[in-house]
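> I'm passing along start35.csv; it holds CSV, C-alpha atoms and all ligand atoms.
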chain,number,residue,atom,x,y,z
B,25,ALA,CA,-39.1,21.1,40.3
B,26,ILE,CA,-39.3,22.1,44.0
B,27,ALA,CA,-36.7,24.9,43.3
B,28,ARG,CA,-39.0,26.3,40.6
B,29,VAL,CA,-41.9,26.5,43.0
B,30,ARG,CA,-39.6,27.9,45.7
B,31,ALA,CA,-38.5,30.7,43.4
B,32,GLU,CA,-42.1,32.1,43.6
B,33,HIS,CA,-43.6,30.7,46.8
B,34,ASP,CA,-43.0,29.7,50.4
B,35,VAL,CA,-42.6,25.9,50.1
B,36,ARG,CA,-42.8,23.4,52.9
B,37,VAL,CA,-41.6,19.9,52.0
B,38,TRP,CA,-42.5,16.8,54.1
B,39,PRO,CA,-39.0,15.8,55.1
B,40,ALA,CA,-39.3,12.0,55.5
B,41,PRO,CA,-39.2,9.5,52.7
B,42,ASP,CA,-42.3,7.8,54.0
B,43,PRO,CA,-45.7,9.5,53.3
B,44,PRO,CA,-46.8,11.9,56.1
B,45,PRO,CA,-49.0,10.2,58.7
B,46,ARG,CA,-52.6,11.5,58.4
B,47,PRO,CA,-52.4,14.0,61.3
B,48,ASP,CA,-49.2,15.5,59.8
B,49,LEU,CA,-50.8,15.7,56.4
B,50,LEU,CA,-53.8,17.5,57.8
B,51,ALA,CA,-51.7,19.8,59.9
B,52,GLY,CA,-49.3,20.5,57.0
B,53,ALA,CA,-52.1,21.3,54.5
B,54,ARG,CA,-54.1,23.5,56.9
B,55,GLU,CA,-52.4,26.8,55.9
B,56,ALA,CA,-51.6,25.7,52.3
B,57,ASP,CA,-52.7,27.6,49.2
B,58,GLY,CA,-51.5,24.7,47.0
B,59,LEU,CA,-50.7,21.0,47.5
B,60,LEU,CA,-48.3,18.9,45.5
B,61,CYS,CA,-49.1,15.3,46.6
B,62,LEU,CA,-48.2,11.8,45.8
B,63,LEU,CA,-50.5,8.8,45.1
B,64,THR,CA,-49.9,7.8,48.8
B,65,ASP,CA,-51.7,10.9,50.1
B,66,ARG,CA,-55.5,10.7,50.4
B,67,ILE,CA,-57.1,14.0,49.5
B,68,ASP,CA,-60.7,13.9,50.7
B,69,THR,CA,-63.4,16.0,52.2
B,70,GLU,CA,-61.8,15.9,55.6
B,71,LEU,CA,-58.5,17.3,54.3
B,72,LEU,CA,-60.3,19.9,52.1
B,73,ASP,CA,-62.5,21.0,55.0
B,74,ALA,CA,-59.3,21.4,57.1
B,75,SER,CA,-57.5,23.4,54.4
B,76,PRO,CA,-59.9,26.3,53.6
B,77,GLY,CA,-57.2,28.3,51.7
B,78,LEU,CA,-56.5,25.5,49.2
B,79,ARG,CA,-56.6,26.7,45.6
B,80,VAL,CA,-54.9,23.8,43.7
B,81,VAL,CA,-54.1,20.1,44.2
B,82,SER,CA,-51.3,18.8,42.0
B,83,ASN,CA,-50.8,15.0,42.0
B,84,MET,CA,-47.4,13.7,40.9
B,85,ALA,CA,-49.0,10.7,39.2
B,86,VAL,CA,-51.3,10.1,36.3
B,87,GLY,CA,-53.7,8.1,38.4
B,88,VAL,CA,-55.9,10.2,40.7
B,89,ASP,CA,-57.8,7.6,42.7
B,90,ASN,CA,-56.2,9.0,45.9
B,91,ILE,CA,-58.2,12.3,45.3
B,92,ASP,CA,-61.9,12.9,45.8
B,93,LEU,CA,-62.3,14.7,42.5
B,94,ALA,CA,-66.0,15.5,43.1
B,95,ALA,CA,-65.2,17.1,46.5
B,96,CYS,CA,-62.5,19.2,44.9
B,97,ALA,CA,-64.8,20.3,42.0
B,98,ALA,CA,-67.5,21.2,44.5
B,99,ARG,CA,-65.1,23.6,46.2
B,100,GLY,CA,-63.8,24.9,42.8
B,101,ILE,CA,-60.3,23.5,43.5
B,102,PRO,CA,-58.6,22.4,40.2
B,103,VAL,CA,-56.8,19.0,40.3
B,104,GLY,CA,-53.7,18.3,38.1
B,105,ASN,CA,-52.0,15.1,37.1
B,106,THR,CA,-49.0,14.0,35.0
B,107,PRO,CA,-50.3,12.3,31.9
B,108,GLY,CA,-48.2,11.3,28.8
B,109,VAL,CA,-44.7,11.5,30.3
B,110,LEU,CA,-44.9,8.1,32.0
B,111,THR,CA,-46.6,6.2,29.2
B,112,GLU,CA,-43.5,4.6,27.6
B,113,ALA,CA,-41.8,3.7,30.9
B,114,THR,CA,-44.9,2.1,32.3
B,115,ALA,CA,-45.5,0.2,29.0
B,116,ASP,CA,-41.9,-1.0,29.1
B,117,LEU,CA,-42.5,-2.4,32.6
B,118,ALA,CA,-45.8,-4.0,31.7
B,119,PHE,CA,-44.0,-5.7,28.8
B,120,ALA,CA,-41.1,-6.7,31.0
B,121,LEU,CA,-43.6,-8.4,33.4
B,122,LEU,CA,-45.4,-10.0,30.4
B,123,LEU,CA,-42.1,-11.5,29.1
B,124,ALA,CA,-40.9,-12.5,32.5
B,125,ALA,CA,-44.1,-14.4,33.2
B,126,ALA,CA,-44.5,-15.8,29.7
B,127,ARG,CA,-40.9,-17.2,29.6
B,128,ARG,CA,-40.8,-18.1,33.3
B,129,LEU,CA,-37.8,-16.0,34.1
B,130,PRO,CA,-38.1,-16.2,37.9
B,131,GLU,CA,-38.0,-20.0,37.9
B,132,GLY,CA,-35.1,-20.1,35.5
B,133,ILE,CA,-33.1,-17.5,37.5
B,134,ALA,CA,-33.9,-19.4,40.7
B,135,ALA,CA,-32.8,-22.8,39.2
B,136,VAL,CA,-29.4,-21.4,38.2
B,137,ARG,CA,-28.8,-20.1,41.7
B,138,ASP,CA,-30.2,-23.0,43.7
B,139,GLY,CA,-28.4,-25.7,41.8
B,140,THR,CA,-31.5,-27.3,40.2
B,141,TRP,CA,-30.3,-26.5,36.7
B,142,GLY,CA,-29.7,-29.9,35.2
B,143,PRO,CA,-28.7,-31.0,31.7
B,144,TRP,CA,-30.5,-29.3,28.8
B,145,ASP,CA,-34.0,-30.8,28.8
B,146,PRO,CA,-36.4,-30.3,25.8
B,147,ALA,CA,-39.5,-30.3,28.1
B,148,TRP,CA,-38.2,-28.0,30.9
B,149,LEU,CA,-39.6,-24.6,31.8
B,150,LEU,CA,-41.7,-24.3,28.7
B,151,GLY,CA,-43.5,-21.0,28.4
B,152,LEU,CA,-45.9,-19.1,26.2
B,153,GLU,CA,-44.6,-18.1,22.7
B,154,LEU,CA,-45.6,-14.5,22.2
B,155,ASN,CA,-45.6,-14.7,18.4
B,156,GLY,CA,-49.2,-15.5,17.5
B,157,ALA,CA,-50.5,-15.2,21.1
B,158,VAL,CA,-53.5,-13.0,21.9
B,159,LEU,CA,-53.0,-10.0,24.2
B,160,GLY,CA,-56.1,-8.6,25.8
B,161,ILE,CA,-55.8,-4.9,26.8
B,162,VAL,CA,-58.3,-3.9,29.5
B,163,GLY,CA,-58.4,-0.1,29.1
B,164,LYS,CA,-57.0,1.2,25.8
B,165,GLY,CA,-55.8,4.6,27.0
B,166,ARG,CA,-52.3,5.9,26.4
B,167,ILE,CA,-50.5,3.2,28.3
B,168,GLY,CA,-52.7,0.4,26.9
B,169,GLN,CA,-52.0,1.6,23.4
B,170,ALA,CA,-48.2,1.8,24.1
B,171,VAL,CA,-48.3,-1.8,25.4
B,172,ALA,CA,-50.3,-2.8,22.3
B,173,ARG,CA,-47.6,-1.3,20.0
B,174,ARG,CA,-44.9,-3.4,21.8
B,175,ALA,CA,-47.1,-6.5,21.5
B,176,GLN,CA,-47.6,-6.0,17.8
B,177,ALA,CA,-43.8,-5.8,17.3
B,178,PHE,CA,-43.6,-9.2,19.0
B,179,GLY,CA,-46.2,-10.7,16.6
B,180,MET,CA,-49.0,-10.8,19.1
B,181,GLU,CA,-52.7,-10.3,18.1
B,182,VAL,CA,-54.1,-7.5,20.2
B,183,ILE,CA,-57.7,-7.2,21.3
B,184,HIS,CA,-59.1,-4.6,23.7
B,185,THR,CA,-62.1,-3.6,25.8
B,186,GLY,CA,-64.2,-0.5,25.0
B,187,ARG,CA,-67.1,-1.0,22.6
B,188,SER,CA,-67.0,2.7,21.5
B,189,ASP,CA,-63.8,2.1,19.5
B,190,GLY,CA,-64.3,-1.4,18.2
B,191,GLY,CA,-63.4,-3.2,21.4
B,192,LEU,CA,-64.8,-6.3,22.9
B,193,PRO,CA,-66.9,-6.8,26.0
B,194,LEU,CA,-64.6,-7.8,28.9
B,195,THR,CA,-66.1,-11.3,29.1
B,196,GLU,CA,-65.3,-12.0,25.5
B,197,LEU,CA,-61.7,-10.6,25.9
B,198,LEU,CA,-61.1,-12.7,29.0
B,199,ARG,CA,-62.2,-15.8,27.1
B,200,ARG,CA,-60.0,-15.1,24.1
B,201,ALA,CA,-56.8,-13.7,25.6
B,202,ASP,CA,-53.6,-15.6,26.3
B,203,VAL,CA,-52.4,-12.6,28.2
B,204,VAL,CA,-54.7,-10.0,29.9
B,205,SER,CA,-53.0,-6.7,30.7
B,206,ILE,CA,-54.8,-4.2,32.9
B,207,HIS,CA,-54.5,-0.5,32.0
B,208,CYS,CA,-57.8,1.1,33.2
B,209,PRO,CA,-58.0,3.7,36.0
B,210,LEU,CA,-59.2,2.6,39.5
B,211,THR,CA,-62.8,3.9,39.9
B,212,GLU,CA,-65.9,2.5,41.7
B,213,GLN,CA,-66.7,0.7,38.4
B,214,THR,CA,-63.3,-1.0,38.0
B,215,ARG,CA,-62.7,-1.9,41.7
B,216,GLY,CA,-62.7,-5.7,41.9
B,217,LEU,CA,-63.2,-5.9,38.1
B,218,ILE,CA,-61.0,-9.0,37.8
B,219,SER,CA,-62.9,-11.2,40.1
B,220,THR,CA,-63.6,-14.9,40.7
B,221,GLU,CA,-66.1,-14.7,37.8
B,222,ALA,CA,-63.5,-13.1,35.6
B,223,PHE,CA,-60.8,-15.7,36.4
B,224,ALA,CA,-63.4,-18.5,35.6
B,225,LEU,CA,-63.6,-17.1,32.0
B,226,MET,CA,-59.9,-17.1,31.4
B,227,LYS,CA,-57.9,-19.9,29.8
B,228,PRO,CA,-56.0,-22.2,32.2
B,229,SER,CA,-52.9,-21.1,30.2
B,230,ALA,CA,-53.6,-17.4,30.6
B,231,ILE,CA,-51.3,-14.8,32.2
B,232,LEU,CA,-52.6,-11.7,34.1
B,233,VAL,CA,-50.4,-8.6,34.1
B,234,ASN,CA,-51.5,-5.6,36.2
B,235,THR,CA,-49.5,-2.3,36.1
B,236,ALA,CA,-52.6,-0.1,36.8
B,237,ARG,CA,-53.9,-0.2,40.4
B,238,GLY,CA,-54.0,-3.1,42.8
B,239,PRO,CA,-57.7,-3.0,43.8
B,240,ILE,CA,-58.8,-3.5,40.2
B,241,VAL,CA,-57.9,-7.2,40.8
B,242,ASP,CA,-59.6,-9.2,43.6
B,243,GLN,CA,-56.4,-10.5,45.2
B,244,ASP,CA,-58.1,-13.3,47.2
B,245,ALA,CA,-59.6,-14.5,43.9
B,246,LEU,CA,-56.2,-14.2,42.2
B,247,GLY,CA,-54.5,-16.3,44.8
B,248,GLU,CA,-57.2,-18.9,44.5
B,249,ALA,CA,-57.0,-18.8,40.6
B,250,LEU,CA,-53.2,-19.4,40.8
B,251,ARG,CA,-53.4,-22.1,43.4
B,252,SER,CA,-56.2,-24.0,41.6
B,253,GLY,CA,-54.6,-23.6,38.1
B,254,GLN,CA,-57.5,-21.6,36.9
B,255,ILE,CA,-54.9,-19.4,35.3
B,256,ALA,CA,-51.2,-20.1,34.6
B,257,ALA,CA,-49.4,-17.0,36.0
B,258,ALA,CA,-49.7,-13.4,37.2
B,259,ALA,CA,-47.3,-10.5,37.1
B,260,LEU,CA,-48.2,-7.5,39.2
B,261,ASP,CA,-46.6,-4.1,39.6
B,262,VAL,CA,-49.4,-2.9,41.9
B,263,THR,CA,-51.1,-4.6,44.8
B,264,ASP,CA,-53.6,-3.8,47.6
B,265,PRO,CA,-52.3,-2.7,50.0
B,266,GLU,CA,-48.9,-1.2,49.0
B,267,PRO,CA,-46.5,-2.1,50.3
B,268,LEU,CA,-47.8,-5.7,50.3
B,269,PRO,CA,-46.6,-7.2,53.6
B,270,PRO,CA,-44.2,-10.2,53.1
B,271,SER,CA,-46.7,-12.3,55.2
B,272,ASP,CA,-49.6,-11.6,52.7
B,273,PRO,CA,-51.1,-15.0,51.7
B,274,LEU,CA,-51.0,-13.9,48.0
B,275,LEU,CA,-47.2,-14.2,48.0
B,276,GLY,CA,-47.5,-17.9,48.7
B,277,ALA,CA,-49.3,-18.4,45.4
B,278,PRO,CA,-47.4,-20.2,42.6
B,279,ASN,CA,-46.3,-18.6,39.4
B,280,LEU,CA,-46.6,-15.1,40.7
B,281,ILE,CA,-44.3,-12.1,40.1
B,282,VAL,CA,-44.8,-9.0,42.2
B,283,LEU,CA,-42.9,-5.7,41.8
B,284,PRO,CA,-43.1,-2.7,44.1
B,285,HIS,CA,-44.9,-0.2,41.9
B,286,LEU,CA,-42.0,0.6,39.6
B,287,GLY,CA,-44.0,1.4,36.4
B,288,SER,CA,-42.8,5.0,36.0
B,289,ALA,CA,-39.5,4.5,37.8
B,290,THR,CA,-37.0,5.7,35.3
B,291,ARG,CA,-34.9,8.8,36.0
B,292,ALA,CA,-36.2,10.6,32.9
B,293,THR,CA,-39.8,9.9,33.5
B,294,ARG,CA,-39.8,10.8,37.2
B,295,ALA,CA,-38.0,14.1,36.4
B,296,LYS,CA,-40.7,14.9,33.8
B,297,MET,CA,-43.5,13.9,36.3
B,298,ALA,CA,-42.0,16.3,38.8
B,299,GLY,CA,-41.8,19.0,36.2
B,300,LEU,CA,-45.5,18.6,35.2
B,301,ALA,CA,-46.6,18.5,38.8
B,302,ALA,CA,-44.8,21.8,39.4
B,303,ASP,CA,-46.3,23.3,36.2
B,304,ASN,CA,-49.8,22.4,37.5
B,305,LEU,CA,-49.1,23.7,41.0
B,306,LEU,CA,-47.7,27.0,39.7
B,307,ALA,CA,-50.6,27.5,37.3
B,308,GLY,CA,-53.2,26.9,40.1
B,309,LEU,CA,-51.4,29.3,42.4
B,310,ALA,CA,-51.4,31.9,39.7
B,311,GLY,CA,-55.1,31.4,39.1
B,312,THR,CA,-54.6,30.3,35.5
B,313,PRO,CA,-55.8,27.0,34.0
B,314,LEU,CA,-53.7,23.9,34.8
B,315,PRO,CA,-51.8,22.6,31.8
B,316,HIS,CA,-53.0,19.1,32.8
B,317,ALA,CA,-56.3,19.4,34.7
B,318,VAL,CA,-58.4,16.3,35.6
B,319,SER,CA,-62.1,16.6,35.4
B,320,ALA,CA,-64.4,15.1,38.0
X,1,LIG,C1,-49.2,6.9,38.3
X,1,LIG,O1,-48.7,7.9,37.8
X,1,LIG,O2,-50.4,6.8,38.5
X,1,LIG,C2,-48.3,5.7,38.6
X,1,LIG,O3,-49.0,4.7,39.2
X,1,LIG,C3,-47.1,6.1,39.3
X,1,LIG,O4,-46.3,6.7,38.3
Take the structure in this file and express it as structure tokens.

Amino acid sequence: AIARVRAEHDVRVWPAPDPPPRPDLLAGAREADGLLCLLTDRIDTELLDASPGLRVVSNMAVGVDNIDLAACAARGIPVGNTPGVLTEATADLAFALLLAAARRLPEGIAAVRDGTWGPWDPAWLLGLELNGAVLGIVGKGRIGQAVARRAQAFGMEVIHTGRSDGGLPLTELLRRADVVSIHCPLTEQTRGLISTEAFALMKPSAILVNTARGPIVDQDALGEALRSGQIAAAALDVTDPEPLPPSDPLLGAPNLIVLPHLGSATRATRAKMAGLAADNLLAGLAGTPLPHAVSA
């Protein structure tokens, strides 16, 4: 993807695997006409003010919570993202987390390795049977729908939020679901959506899966809900912050699986994301509409 951009433009690539520290990002963007950024780069008024020539921002992610969309719109700078191509990979990972938590894979794997695997026991490591269980999808966009398709193949009953298309209020969904899976974008409305009050509505046997954005879940409340048995388990691909330090108190909570934001991490999907990000960047630099533009 970078080679395609390089064929037409002078390209500067941040050389380190870690995201550029803020001063380097600001300095690097100062002269730029276009920016191809990752979800770890904060694109805000400070950066936009410091980059007067900027004509396009292309995010190599579908989520755009790292970008101040209103500030870009106010300056007439189009913003692009990478929808669609990561739907199936992210839904796969959400379902892998769901299965791992429902069938208690981490405990089983640990028992084999640490020698606590005893004789076959009819009452040991019993989990949730997916067939007939209720999956609550919070945010029935592309990824939510892809997870729903997988759940239906496993015999689950699927309910979702969003009253405009026959969905339930969140409170009702939380009361009914055996598994709650988060698929909404992070916005000011969804920040802290899964709070102490939300956990209080969930079944004590319920499992929470989050593959969307960490701050949608109040992590202190989640730790407390797991420790007190308010819910049975949680499986997260996203946290707040990322990376989550090994010393974070959340990691001491029981029945918790945490992955390091791997939802779209397949070779095929990441290549497609890079391709779309390059398409958006090239279109913006050419002054033509972005193939995948995000509106503020
Ligand atoms: C996204 O695209 O928003 C994911 O979080 C990373 O693929």
> Counting only C-alpha atoms and all ligand atoms, what are the residues, protein, DNA or RNA alike, that approach ligand LIG 1 (chain X) to within 12 Å? I want them as a VMD selection string.
chain B and resid 61 to 64 82 to 91 104 to 115 117 to 118 167 207 to 210 234 to 238 261 to 263 266 284 to 291 293 to 298 300 to 301
> Can you pull out the residues contacting range 189-205 of chain B? Cut-off 7 Å, using all atoms listed in the file, and skip same-chain residues under 5 positions away; I want them as an NGL selection string.
:B and (157-162 or 183-184 or 225-227 or 229-234)
> Within 7 Å of range 274-276 of chain B, counting only C-alpha atoms, which residues qualify if same-chain residues fewer than 2 places away don't, as number ranges by chain?
B: 243, 247, 272, 278
> Could you state the separation of CA of Arg215 in chain B and CA of Ala74 in chain B in Å, given to one decimal place?
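Between CA of Arg215 in chain B and CA of Ala74 in chain B the gap is 28.1 Å.
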> Pick out the closest residue to Gly179 in chain B from this set: B:Ala245, B:Ile67, B:Leu154, B:Ala56. Count only C-alpha atoms.
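Of the candidates, the smallest distance to Gly179 in chain B is held by B:Leu154.
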> Figure out the distance between CA of Ala95 in chain B and CA of Pro76 in chain B, please, to one decimal in Å.
12.8 Å
> For CA of Ala257 in chain B and CA of Ile281 in chain B, determine how far apart the two atoms are, in Å to one decimal place.
8.2 Å
> Using only C-alpha atoms, which residue out of B:Pro102, B:Ala302, B:Ala172, B:Val136 lies closest to Val35 in chain B?
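Closest residue, counting only C-alpha atoms: B:Ala302.
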> Find, counting all atoms listed in the file, the residue in B:Asp57, B:Gln213, B:Gly139, B:Pro313 that gets nearest to His33 in chain B.
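For His33 in chain B, the nearest of the given residues is B:Asp57.
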> Taking all atoms listed in the file into account, which of B:Arg173, B:Glu32, B:Asp65, B:Glu212 comes nearest Pro45 in chain B?
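Smallest separation from Pro45 in chain B among the options: B:Asp65.
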> So which residues touch range 218-223 of chain B within 8 Å, counting only C-alpha atoms, skipping near sequence neighbours fewer than 4 positions away, as a list in words?
Thr195, Leu198, Ile240, Val241, Asp242, Ala245, Leu246, Ala249, Gln254 and Ile255 of chain B
> The selected residues should be written to file as a CSV table (one decimal), in the frame of the given file (atoms: C-alpha atoms).

chain,number,residue,atom,x,y,z
B,195,THR,CA,-66.1,-11.3,29.1
B,198,LEU,CA,-61.1,-12.7,29.0
B,240,ILE,CA,-58.8,-3.5,40.2
B,241,VAL,CA,-57.9,-7.2,40.8
B,242,ASP,CA,-59.6,-9.2,43.6
B,245,ALA,CA,-59.6,-14.5,43.9
B,246,LEU,CA,-56.2,-14.2,42.2
B,249,ALA,CA,-57.0,-18.8,40.6
B,254,GLN,CA,-57.5,-21.6,36.9
B,255,ILE,CA,-54.9,-19.4,35.3
> Find, counting all atoms listed in the file, the residue in B:Gly299, B:Gly156, B:Pro265, B:Gly163 that gets nearest to Gln176 in chain B.
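Counting all atoms listed in the file, the residue closest to Gln176 in chain B is B:Gly156.
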> My list of candidates is B:Ala135, B:Ala53, B:Ala120, B:Ala98. Which is closest to Ala320 in chain B when distances are computed with all atoms listed in the file?
B:Ala98
